[in-house]
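The structure appears below as structure tokens.
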Amino acid sequence: MPTLITLVLSPIIFVLSTVLTVMVTILCSVPITLAGVLKLLLPIPIVWRYIASFADFMMWCWCEGLSILMKLNYGLNWEVYGLENLSKENWYLVISNHKSWTDIVVLCVLLRNHIPMNKYFLKQQLAWIPFVGLACWALDMPFMKRYSRSHLLKHPELRGKDIEATRRSCEKFRIRPTTIVNFVEGTRSTKEKRIKSHSPYRNLLPPKAAGIAFTLNALGQQFDRVLNV
């Protein structure tokens with residue numbers, strides 16, 4: 001049973017964590033966005049590398065800040081295995097299930113000091129989230145436009161556009177060590193989605209091969225390891 005102190009402190013910790021998380025996100029995303037604009041203005045490979053390194057460093061600062069904030073949740077315990085023998089000098093493909101938006105935070109926090117900063121395939125709608133969307137754009141994270149089957153039947157010229165966009169984004173990652181994260185279910189797992197997709201699993205959606213196939217098609221020879229989370 002929760003104690004009286006826990007009942008009193010929990011709402012305070014929640015509000016404090018939320019406010020501090022927003023502040024850390026803004027403080028880190030603004031320099032990243034400015035770096036992205038500078039990269040557009042100075043499309044010189046050697047300059048791009050330095051700017052990309054700075055943007056990744058600011059993303060690391062964001063992860064570090066979230067790691068510190070997580071310590072406010074005194075009931076949080078980590079059980080992590082397999083972080084040995086990893087290197088920031090290698091290219092990685094990380095595959096993971098997708099339960100909620102916190103998956104992104106957890107992966108960033110756990111892997112920040114072991115491998116290059118994570119790059120995610122994002123839905124196009126996420127580009128409009130204040131601060132976060134522009135920062136992800138500046139970090140060269142691919143934004144995917146998803147078209148329904150009916151929409152593609154009406155507009156067949158759109159077929160393959162997402163594949164080409166993914167290929168162009170991944171080409172940028174050949175220049176320096178990178179981590180690509182792929183959520184194999186393609187979307188967050190919910191009970192309704194599992195029923196609709198006739199999932200044979202109790203807690204997971206059926207995996208989709210397309211995202212991994214796109215990535216391997218563009219960077220298959222570049223990856224040193226696959227990390228299965």
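Ligands are numbered from 1 in the order shown, chains are lettered A, B, ... in the order of the structure tokens, and residues start at 1 in each chain.
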
From a DSSP pass on the backbone, collect the residues of segment 14-197 of chain A flagged as strand (DSSP E or B) and hand them back as a list in words.
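Selection result, strand (DSSP E or B) within segment 14-197 of chain A: Tyr92, Leu93, Val94, Ile95, Ser96, Asn118, Lys119, Tyr120, Leu122, Lys123, Phe143, Met144, Thr179, Ile180, Val181, Asn182 and Phe183 of chain A.
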
Now that the selection is made, can you save its residues with C-alpha atoms as a compact mmCIF listing (two decimals), in the first residue's frame?
# COMPACT_ATOMS: atom_id res chain seq x y z
CA TYR A 92 24.66 0.14 -35.30
CA LEU A 93 21.17 -0.96 -36.22
CA VAL A 94 19.00 -1.09 -33.08
CA ILE A 95 15.72 -2.99 -33.23
CA SER A 96 13.12 -2.69 -30.50
CA ASN A 118 20.31 7.38 -31.88
CA LYS A 119 18.51 8.37 -35.09
CA TYR A 120 14.82 7.50 -35.37
CA LEU A 122 9.64 9.57 -37.38
CA LYS A 123 6.09 10.15 -38.56
CA PHE A 143 10.46 11.87 -41.47
CA MET A 144 8.21 9.27 -43.07
CA THR A 179 22.95 4.45 -34.75
CA ILE A 180 19.67 3.81 -36.58
CA VAL A 181 16.75 2.74 -34.37
CA ASN A 182 13.92 0.76 -35.93
CA PHE A 183 10.74 -0.08 -34.05

I'd like the contact shell of Arg167 of chain A - 8 Å cut-off, only C-alpha atoms, skipping same-chain residues fewer than 5 positions apart - returned as number ranges by chain.
A: 214-215, 217-218

Top pick for closest residue to Cys28 of chain A, considering A:Leu204, A:Ile104, A:Leu134, A:Ala213 and counting only C-alpha atoms:
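Comparing A:Leu204, A:Ile104, A:Leu134, A:Ala213 against Cys28 of chain A, the winner is A:Leu134.
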
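Restricting the calculation to only C-alpha atoms, the smallest distance between Lys99 of chain A and any of A:Glu185, A:Asp224, A:Glu84, A:Glu64 is found for A:Glu185.
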
Distance in Å - atom CA of Phe121 of chain A versus atom CA of Leu83 of chain A
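Computed distance, atom CA of Phe121 of chain A to atom CA of Leu83 of chain A, equals 22.9 Å.
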
Please provide as a PyMOL selection string all residues within 12 Å of Trp48 of chain A, with the sequence filter that same-chain residues fewer than 6 positions apart are discarded (counting only C-alpha atoms).
chain A and resi 35-42+54-55+138-140+172-173+175-176

Taking N, CA, C and O atoms for each residue, export the selection above as an mmCIF file, in the first residue's frame.
data_model
loop_
_atom_site.group_PDB
_atom_site.id
_atom_site.type_symbol
_atom_site.label_atom_id
_atom_site.label_comp_id
_atom_site.auth_asym_id
_atom_site.auth_seq_id
_atom_site.Cartn_x
_atom_site.Cartn_y
_atom_site.Cartn_z
ATOM 1 N N ALA A 35 21.987 24.963 -35.332
ATOM 2 C CA ALA A 35 23.036 24.230 -36.040
ATOM 3 C C ALA A 35 22.512 23.707 -37.373
ATOM 4 O O ALA A 35 23.225 23.723 -38.387
ATOM 5 N N GLY A 36 21.245 23.254 -37.385
ATOM 6 C CA GLY A 36 20.648 22.771 -38.622
ATOM 7 C C GLY A 36 20.521 23.871 -39.661
ATOM 8 O O GLY A 36 20.756 23.650 -40.855
ATOM 9 N N VAL A 37 20.141 25.063 -39.227
ATOM 10 C CA VAL A 37 20.035 26.205 -40.142
ATOM 11 C C VAL A 37 21.414 26.560 -40.699
ATOM 12 O O VAL A 37 21.568 26.822 -41.900
ATOM 13 N N LEU A 38 22.428 26.546 -39.825
ATOM 14 C CA LEU A 38 23.788 26.850 -40.261
ATOM 15 C C LEU A 38 24.278 25.816 -41.283
ATOM 16 O O LEU A 38 24.982 26.152 -42.244
ATOM 17 N N LYS A 39 23.854 24.582 -41.092
ATOM 18 C CA LYS A 39 24.240 23.515 -42.022
ATOM 19 C C LYS A 39 23.637 23.742 -43.400
ATOM 20 O O LYS A 39 24.248 23.440 -44.423
ATOM 21 N N LEU A 40 22.430 24.307 -43.425
ATOM 22 C CA LEU A 40 21.804 24.651 -44.699
ATOM 23 C C LEU A 40 22.537 25.782 -45.401
ATOM 24 O O LEU A 40 22.697 25.780 -46.621
ATOM 25 N N LEU A 41 22.990 26.755 -44.611
ATOM 26 C CA LEU A 41 23.651 27.925 -45.178
ATOM 27 C C LEU A 41 25.074 27.617 -45.631
ATOM 28 O O LEU A 41 25.605 28.293 -46.522
ATOM 29 N N LEU A 42 25.693 26.609 -45.014
ATOM 30 C CA LEU A 42 27.083 26.263 -45.340
ATOM 31 C C LEU A 42 27.172 24.784 -45.718
ATOM 32 O O LEU A 42 27.654 23.947 -44.931
ATOM 33 N N PHE A 54 28.373 18.744 -33.291
ATOM 34 C CA PHE A 54 27.839 19.638 -32.259
ATOM 35 C C PHE A 54 26.381 19.292 -31.960
ATOM 36 O O PHE A 54 25.969 19.243 -30.791
ATOM 37 N N ALA A 55 25.594 19.036 -33.013
ATOM 38 C CA ALA A 55 24.179 18.694 -32.815
ATOM 39 C C ALA A 55 24.048 17.401 -32.022
ATOM 40 O O ALA A 55 23.205 17.294 -31.114
ATOM 41 N N ALA A 138 17.043 18.928 -37.713
ATOM 42 C CA ALA A 138 18.444 19.351 -37.702
ATOM 43 C C ALA A 138 19.381 18.177 -37.448
ATOM 44 O O ALA A 138 20.546 18.195 -37.872
ATOM 45 N N LEU A 139 18.883 17.139 -36.767
ATOM 46 C CA LEU A 139 19.683 15.950 -36.494
ATOM 47 C C LEU A 139 19.617 14.943 -37.639
ATOM 48 O O LEU A 139 20.137 13.835 -37.521
ATOM 49 N N ASP A 140 18.960 15.341 -38.742
ATOM 50 C CA ASP A 140 18.851 14.506 -39.951
ATOM 51 C C ASP A 140 18.046 13.237 -39.729
ATOM 52 O O ASP A 140 18.261 12.220 -40.415
ATOM 53 N N LYS A 172 23.242 10.198 -45.696
ATOM 54 C CA LYS A 172 23.986 11.159 -44.879
ATOM 55 C C LYS A 172 24.735 10.472 -43.744
ATOM 56 O O LYS A 172 25.730 10.990 -43.238
ATOM 57 N N PHE A 173 24.244 9.302 -43.345
ATOM 58 C CA PHE A 173 24.832 8.622 -42.194
ATOM 59 C C PHE A 173 26.076 7.815 -42.552
ATOM 60 O O PHE A 173 26.704 7.218 -41.678
ATOM 61 N N ILE A 175 28.779 9.115 -43.617
ATOM 62 C CA ILE A 175 29.953 9.952 -43.377
ATOM 63 C C ILE A 175 30.552 9.734 -41.995
ATOM 64 O O ILE A 175 31.771 9.778 -41.828
ATOM 65 N N ARG A 176 29.705 9.499 -40.992
ATOM 66 C CA ARG A 176 30.214 9.367 -39.626
ATOM 67 C C ARG A 176 29.433 8.287 -38.898
ATOM 68 O O ARG A 176 28.277 7.999 -39.247
#

Near Ser29 of chain A, within 7 Å and counting only C-alpha atoms, which residues show up once chain neighbours fewer than 4 positions away are dropped, as a PDB file with C-alpha atoms, in the first residue's frame?
ATOM      1  CA  THR A  25      14.205  19.886 -24.095  1.00  0.00           C
ATOM      2  CA  THR A  33      17.943  23.838 -34.586  1.00  0.00           C
ATOM      3  CA  PHE A 131      11.121  22.600 -30.594  1.00  0.00           C
ATOM      4  CA  VAL A 132      11.284  18.799 -30.904  1.00  0.00           C
ATOM      5  CA  ALA A 135      15.592  19.588 -33.576  1.00  0.00           C
TER       6      ALA A 135
END

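Around Asn97 of chain A, within 12 Å and counting only C-alpha atoms, the residues found are Thr102, Asp103, Ile104, Leu107, Val181, Asn182, Phe183, Val184, Glu185, Gly186, Thr187, Arg188, Ser189, Thr190, Asn203, Leu204, Leu205, Pro206, Pro207, Lys208, Asn228 and Val229 of chain A, once anything fewer than 5 positions away on its own chain is removed.
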
Please determine, counting only C-alpha atoms, which residue among A:Asn73, A:Pro45, A:Pro31, A:Cys63 has the shortest atom-to-atom distance to Ser17 of chain A.
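Among A:Asn73, A:Pro45, A:Pro31, A:Cys63, it is A:Asn73 that comes nearest to Ser17 of chain A.
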
For each of A:Val22, A:His98, A:Pro11, A:Leu16, take the minimum atom-to-atom distance to Pro130 of chain A, counting only C-alpha atoms, then give the residue where this is smallest.
A:Val22

List every residue of segment 15-227 of chain A that DSSP, applied to the backbone, labels as helix (DSSP H, G or I), and write the result as a PyMOL selection string.
chain A and resi 15-41+45-70+102-111+124-128+132-138+149-154+156-158+161-174+191-196+210-219

List the neighbours of Thr21 of chain A out to 10 Å using only C-alpha atoms; skip same-chain residues closer than 4 positions along the sequence, and give me the result as a PyMOL selection string.
chain A and resi 15-17+25-27+62+65-66+69-70

Distance atom CA of Ile51 of chain A-atom CA of Thr178 of chain A, one decimal place?
14.7 Å

If you measure from atom CA of Tyr81 of chain A to atom CA of Trp101 of chain A, what distance in Å do you get, rounded to one decimal?
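It comes out at 21.9 Å.
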